[in-house]
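Here the structure is laid out as structure tokens; the discussion comes afterwards.
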Amino acid sequence: MSGGPRRLLGLCLLLLPLLLLLLGARGGGAHRPGERAAEPGAAWSAFQGLKERLAAVGTLSRRYWTLFSCHVWPKDCDQDEEAAEELQGWNLPLWSQKYLGILTKWYCSFQDCCAGGDCRISNNFTGLRSDLSIRLHGQHLAQKLVLRAVRDYVETPHPDKALALSFHGWSGTGKNFMARILAENLYRDGLRSDCVKVFIATFHFLHPRYVDLYKERLANSIRETQQHCHQTLFIFDEAEKLHPELLEALGQHLERQAPKSHRAETPRTIFLFLSNLGGSAINEVVLNLLKAGKTREEITREYLESHLQTEIVESTDSGFGHSRLVKENLIDFFVPFLPLEYRHVKLCARDAFVSQEVPYTEEALDEIAKMMIYVPKEEPLFSSQGCKSIAQRINYFLP
């Protein structure tokens, strides 16, 4: 977008709250017939109050504009250190984020929001960093690992293989939520993008007798999506339930490939495998570390990696650990999702209230958190369902 239209839009966004403020001040300051005019001291106090409000509105408007521009022109924002600092530690409430998304979509419907290339692809790493730190609770390891891995991969000029990330942890710990946040920040239309495909093992590949048909359909879907998008995202939910032959067929897409030309843009493909496999091993290690006096934030990947991979490989209930994806090291990173504690469940409940624009109290958050079952029985620390079903539970508090 050229500088002129962008500046004009920015000026409009900056002046709108200011105009509303001035109209409100004017209406509040006028006196009706028969009323006494304000004393000079009161007038000066009102002027000082207006001055402070103008300064606050100016700061807020500038932040709104910065946040909006980072959504619409993420590459410019990533290169603008001042813009990144402006948003550091500040974000919109969840309900405001929804309206910001509507505004962005409306604006991009009649004005290109990318300087060139494929406008379906946004790669908004400023937004990704913000969303992971604010919206995803209790997953400091996954936040850092996924952000770094995806950013490094996308910014590599000529990657020689697809990026494969395998998410592991109990149900409700945020694996699907993380995948959704990734899609929302890498693609303009999020999970609805033409460049994103989601497969659920127990839905798309339900019957083992049709595995040959599934393999053909999967190969066609991957090939056609890659032909239409130079950066694609494939998400496999319940990956531990994928048929062994499907896992083997996926191997060829994760192998290292010799780049055809260093001049042409190399296609990029990201595979996400979401699985409950390894959740018990993760929970056991975390529980023992907490009992030993470590804080949750002190837990690093090194404590979990060997235990997680051992459970994946030794599992007799799934062929995932015995597939070539694992045996031939085609998975780039195994990402552990830690079990969620009472405080994290409260944060999920708060987010659910805010997203539905329903007022809440601390008592309501505690009541919802207490509805969950916590394990182990002798020392109940972790929610057995994570944050799953939290959104449905707030229906009990609706008028």
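Ligands are numbered from 1 in the order shown, residues from 1 within each chain, and chains are lettered A, B, ... in the order they appear in the structure tokens.
Every protein, DNA or RNA residue with an atom at most 9 Å from Cys229 (chain A), where only C-alpha atoms count and chain neighbours fewer than 6 positions away do not, is listed here: A:Asp118, A:Arg120, A:Ile121, A:Asp194, A:Cys195, A:Pro267, A:Arg268.
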Generate the output file for the selected residues, C-alpha atoms, as a PDB file, in the first residue's frame.
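Just written: result_11.pdb:
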```
ATOM      1  CA  ASP A 118       0.631 -14.025  -2.070  1.00  0.00           C
ATOM      2  CA  ARG A 120      -3.179 -15.014   1.616  1.00  0.00           C
ATOM      3  CA  ILE A 121       0.065 -15.381   3.564  1.00  0.00           C
ATOM      4  CA  ASP A 194      -6.819 -22.309   0.993  1.00  0.00           C
ATOM      5  CA  CYS A 195      -3.241 -22.922   2.134  1.00  0.00           C
ATOM      6  CA  PRO A 267       8.016 -23.798  -1.517  1.00  0.00           C
ATOM      7  CA  ARG A 268       7.553 -24.148   2.234  1.00  0.00           C
TER       8      ARG A 268
END
```
I want to know what sits within 10 Å of Asn176 (chain A), based on only C-alpha atoms, with residues of the same chain fewer than 6 positions away left out; could you give that as an mmCIF file with N, CA and C atoms, in the first residue's frame?
```cif
data_model
loop_
_atom_site.group_PDB
_atom_site.id
_atom_site.type_symbol
_atom_site.label_atom_id
_atom_site.label_comp_id
_atom_site.auth_asym_id
_atom_site.auth_seq_id
_atom_site.Cartn_x
_atom_site.Cartn_y
_atom_site.Cartn_z
ATOM 1 N N PHE A 167 3.222 -32.196 18.443
ATOM 2 C CA PHE A 167 2.736 -31.681 19.726
ATOM 3 C C PHE A 167 2.256 -32.849 20.584
ATOM 4 N N LEU A 182 -1.289 -20.439 15.285
ATOM 5 C CA LEU A 182 -0.310 -20.442 14.201
ATOM 6 C C LEU A 182 -0.984 -20.097 12.877
ATOM 7 N N ILE A 235 -2.289 -29.959 9.192
ATOM 8 C CA ILE A 235 -2.478 -30.287 10.608
ATOM 9 C C ILE A 235 -3.136 -31.657 10.709
ATOM 10 N N PHE A 236 -2.512 -32.560 11.466
ATOM 11 C CA PHE A 236 -3.051 -33.901 11.681
ATOM 12 C C PHE A 236 -3.398 -34.061 13.163
ATOM 13 N N ASP A 237 -4.684 -34.021 13.455
ATOM 14 C CA ASP A 237 -5.151 -34.177 14.834
ATOM 15 C C ASP A 237 -5.330 -35.660 15.141
ATOM 16 N N LEU A 272 2.042 -30.290 11.202
ATOM 17 C CA LEU A 272 1.807 -30.350 12.642
ATOM 18 C C LEU A 272 1.115 -31.666 12.965
ATOM 19 N N PHE A 273 1.697 -32.429 13.879
ATOM 20 C CA PHE A 273 1.086 -33.675 14.353
ATOM 21 C C PHE A 273 0.675 -33.481 15.804
ATOM 22 N N LEU A 274 -0.614 -33.612 16.089
ATOM 23 C CA LEU A 274 -1.151 -33.382 17.426
ATOM 24 C C LEU A 274 -1.525 -34.716 18.051
ATOM 25 N N SER A 275 -1.016 -34.985 19.242
ATOM 26 C CA SER A 275 -1.190 -36.319 19.818
ATOM 27 C C SER A 275 -1.231 -36.261 21.340
#
```
Using only C-alpha atoms, what table do you get, as CSV, when you list each residue of region 154-227 of chain A with an atom no more than 10 Å from region 339-360 of chain A, its nearest pair of atoms, and their distance in Å rounded to one decimal, rows by chain then rising number?
```
residue,atom,partner,partner_atom,distance
A:Gly169,CA,A:Pro339,CA,7.3
A:Trp170,CA,A:Pro339,CA,6.7
A:Ser171,CA,A:Pro339,CA,9.0
A:Gly172,CA,A:Leu340,CA,8.5
A:Thr173,CA,A:Pro339,CA,6.3
A:Gly174,CA,A:Leu340,CA,9.4
```
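Interatomic distance, CA of Val196 (chain A) to CA of Arg129 (chain A): 20.2 Å.
Across A:Leu147, A:Ala162, A:Leu381, A:Ile373, the tightest approach to Gly251 (chain A) is made by A:Ala162 when counting only C-alpha atoms.
The two atoms in question, CA of Arg301 (chain A) and CA of Ile331 (chain A), are spaced 15.8 Å apart.
Proximity to Asn288 (chain A) was assessed for A:Phe333, A:Glu362, A:Glu379, A:Gly138 counting only C-alpha atoms; the smallest distance is recorded for A:Glu379.
Take CA of His307 (chain A) and CA of Ser323 (chain A): the distance between them is 18.4 Å.
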Inset, instruction - Quick one: pick out all alpha helix (DSSP H) residues within region 219-398 of chain A from a backbone DSSP run and write them as number ranges by chain. - result: A: 219-228, 244-254, 279-291, 301-314, 324-327, 342-355, 362-371, 390-393
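When the distance limit is 9 Å and only C-alpha atoms are what count, the residues near Pro244 (chain A), minus those fewer than 5 positions from it on the same chain, are A:Ala249, A:Ser318, A:Gly319, A:Phe320, A:His322, A:Ser323.
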Those selected residues, please, written with C-alpha atoms and delivered as a CSV table (one decimal), in the first residue's frame.
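Everything below was put into out_18.csv:
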```csv
chain,number,residue,atom,x,y,z
A,249,ALA,CA,3.1,-42.4,3.0
A,318,SER,CA,0.0,-46.6,18.4
A,319,GLY,CA,2.1,-47.1,15.3
A,320,PHE,CA,3.3,-43.4,15.4
A,322,HIS,CA,7.3,-47.1,15.0
A,323,SER,CA,6.8,-45.2,11.8
```
Region 376-378 of chain A: which residues within 10 Å, counting only C-alpha atoms, same-chain residues fewer than 4 positions away excluded, as a short mmCIF file (atom, residue, chain, number, x, y, z; two decimals) with all heavy atoms, in the first residue's frame?
```cif
data_model
loop_
_atom_site.label_atom_id
_atom_site.label_comp_id
_atom_site.auth_asym_id
_atom_site.auth_seq_id
_atom_site.Cartn_x
_atom_site.Cartn_y
_atom_site.Cartn_z
N ASN A 283 3.59 -35.60 32.33
CA ASN A 283 2.97 -35.29 33.62
C ASN A 283 3.78 -35.84 34.79
O ASN A 283 3.93 -35.18 35.83
CB ASN A 283 1.55 -35.86 33.67
CG ASN A 283 0.62 -35.19 32.68
OD1 ASN A 283 1.04 -34.29 31.95
ND2 ASN A 283 -0.62 -35.62 32.62
N GLU A 284 4.31 -37.04 34.62
CA GLU A 284 5.10 -37.66 35.70
C GLU A 284 6.37 -36.86 35.97
O GLU A 284 6.73 -36.61 37.13
CB GLU A 284 5.44 -39.10 35.33
CG GLU A 284 6.17 -39.84 36.43
CD GLU A 284 6.47 -41.29 36.06
OE1 GLU A 284 5.98 -41.75 35.00
OE2 GLU A 284 7.21 -41.95 36.82
N LEU A 287 5.43 -33.50 37.64
CA LEU A 287 5.03 -33.71 39.04
C LEU A 287 6.25 -33.93 39.93
O LEU A 287 6.36 -33.32 41.01
CB LEU A 287 4.09 -34.92 39.13
CG LEU A 287 3.59 -35.28 40.54
CD1 LEU A 287 2.77 -34.13 41.12
CD2 LEU A 287 2.77 -36.56 40.50
N PHE A 382 -3.09 -31.32 38.79
CA PHE A 382 -3.32 -31.10 37.36
C PHE A 382 -4.76 -31.38 36.97
O PHE A 382 -5.34 -32.39 37.39
CB PHE A 382 -2.39 -31.99 36.53
CG PHE A 382 -0.94 -31.89 36.91
CD1 PHE A 382 -0.15 -33.02 37.03
CD2 PHE A 382 -0.35 -30.65 37.15
CE1 PHE A 382 1.18 -32.93 37.38
CE2 PHE A 382 0.99 -30.55 37.49
CZ PHE A 382 1.75 -31.69 37.62
N SER A 383 -5.31 -30.52 36.14
CA SER A 383 -6.66 -30.73 35.61
C SER A 383 -6.62 -31.91 34.62
O SER A 383 -5.86 -31.87 33.65
CB SER A 383 -7.16 -29.47 34.91
OG SER A 383 -8.35 -29.74 34.20
N SER A 384 -7.43 -32.92 34.86
CA SER A 384 -7.41 -34.11 34.00
C SER A 384 -7.91 -33.81 32.60
O SER A 384 -7.60 -34.54 31.66
CB SER A 384 -8.25 -35.22 34.62
OG SER A 384 -9.61 -34.82 34.72
#
```
